Structure formats: C-alpha cells, structure tokens
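**Q** For reference, the structure I am asking about is given below.
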Amino acid sequence: MEIYLDKRAVRQIRLSAADAIEEGDTETLREDLIEAFSEEQVEEIERRIDSGDIFEFISEVLDEWGGDDIEELFELLEGQLADADVDLKYSAPEMEDEDEEEEEEEEEGDVEFEEEPPL
C-alpha cells in the first residue's frame, strides 16, 4: 500500500514536531500525525500493524524518536510503516520551499502593471 502525505500535512507535522522539541510535549504531535492520514488509510494501517491500533503505533514511533531531529521522526515513521508494507511518500522540505517560491513568482507575475509616462 502507498500513502502520500500532502504538503499541508507535512508542514503541520513539521510545525508540531518543532513545538514538541521546544516544549517537550508530544501529545499534539501524536494527534497531528494521526490526523495526517485519512480514515481509510488509518483503517488499512491498523489492519497491517501488530498492535492494530494507530494511536499505540504512533506512540511507539514517538517513544523511539530522539525528540530533537524532525527528519529522524519522518525516517522512523517511514521505517515503521514499511515494516507493515506501507510505503509512505511525502515532499522533502527543500522541494516544498522551491514549490512555494515558484508559486509566489507565478502569482507575482500574474499582475504586472507598467507605469505610463505622464502626458
């Protein structure tokens, strides 16, 4: 099974992970990780993991996480899901920044006015 996390979900997870690192509390991060998946994806993951419970699964990932590196969190999540035959795909942060810059440039380019010389 393949799961793709959209930019919004990845951004939210990254923000929550940064907050968890800063505050030392992973509860919001746990909730955001679970909410990143659709109901159908959660059901499929629960069928494939040993515990059968997404909350417990995410808790185990967070317990294993060192709590200081966001990339490590994504790698752990990918690895644990891969063990359950789930292929997790998401945009890398560099790609997101480039996409956002391109979108901003396109938006800026849409409305260009040239000043006309005074008569």
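Ordered as shown in the structure tokens, chains take letters A, B, and onward, while each chain numbers its residues from 1 and ligands are numbered from 1 in the order shown.
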Excluding region 43-47 of chain A and its own-chain neighbours fewer than 3 positions away, which residues fall within 12 Å of it when counting only C-alpha atoms? Please give them as a ChimeraX atom specification.

**A** /A:1-3,34,37-40,50-58,80-88

**Q** Residues near Ile21 (chain A), anyone? I mean within 9 Å using only C-alpha atoms, not counting same-chain ones fewer than 5 positions away, as a PyMOL selection string.

**A** chain A and resi 16+26+67-70

**Q** Could those selected residues go to a file with N, CA and C atoms, as a compact mmCIF listing (two decimals), in the first residue's frame?

**A**
```
# COMPACT_ATOMS: atom_id res chain seq x y z
N SER A 16 4.37 20.85 14.38
CA SER A 16 4.08 20.15 15.64
C SER A 16 5.34 19.52 16.22
N THR A 26 4.66 15.71 23.39
CA THR A 26 4.38 15.11 22.08
C THR A 26 2.89 14.84 21.83
N GLY A 67 13.53 12.98 19.77
CA GLY A 67 12.91 14.23 20.19
C GLY A 67 13.70 15.47 19.85
N ASP A 68 14.65 15.35 18.89
CA ASP A 68 15.44 16.53 18.56
C ASP A 68 15.66 16.72 17.06
N ASP A 69 15.28 15.77 16.24
CA ASP A 69 15.52 15.86 14.80
C ASP A 69 14.25 15.49 14.05
N ILE A 70 13.69 16.47 13.36
CA ILE A 70 12.42 16.25 12.65
C ILE A 70 12.59 15.24 11.52
```

**Q** Have a look at CA of Ser91 (chain A) and CA of Arg30 (chain A) and let me know their distance in Å, one decimal.

**A**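 Computed distance, CA of Ser91 (chain A) to CA of Arg30 (chain A), equals 19.9 Å.
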
**Q** My list of candidates is A:Leu62, A:Ala36, A:Val42, A:Phe74. Which is closest to Arg8 (chain A) when distances are computed with only C-alpha atoms?

**A**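 Of A:Leu62, A:Ala36, A:Val42, A:Phe74, the one nearest Arg8 (chain A) is A:Ala36, counting only C-alpha atoms.
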
**Q** Looking at only C-alpha atoms, which of A:Glu78, A:Tyr90, A:Glu31, A:Glu64 is the one that sits closest to Arg11 (chain A)?

**A**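 With only C-alpha atoms as the atom set, the closest residue is A:Tyr90.
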
**Q** Out of A:Glu75, A:Glu35, A:Glu60, A:Glu27, which residue has the shortest atom-to-atom distance to Ala92 (chain A) when counting only C-alpha atoms?

**A**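 Checking each of A:Glu75, A:Glu35, A:Glu60, A:Glu27 against Ala92 (chain A), counting only C-alpha atoms, the winner is A:Glu75.
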
**Q** Here is a test: counting only C-alpha atoms, which residue of A:Leu29, A:Leu76, A:Leu5, A:Arg48 is nearest to Ala17 (chain A)?

**A**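 Of all the options, A:Leu29 lies closest to Ala17 (chain A).
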
**Q** Suppose you want the space between CA of Leu77 (chain A) and CA of Ala18 (chain A); what is it in Å?

**A**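 These atoms are spaced 16.0 Å apart.
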
**Q** Using only C-alpha atoms, which of the listed residues (A:Ser59, A:Gln41, A:Ile49, A:Leu73) sits closest to Ile13 (chain A)?

**A**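 Nearest candidate to Ile13 (chain A) out of A:Ser59, A:Gln41, A:Ile49, A:Leu73: A:Leu73.
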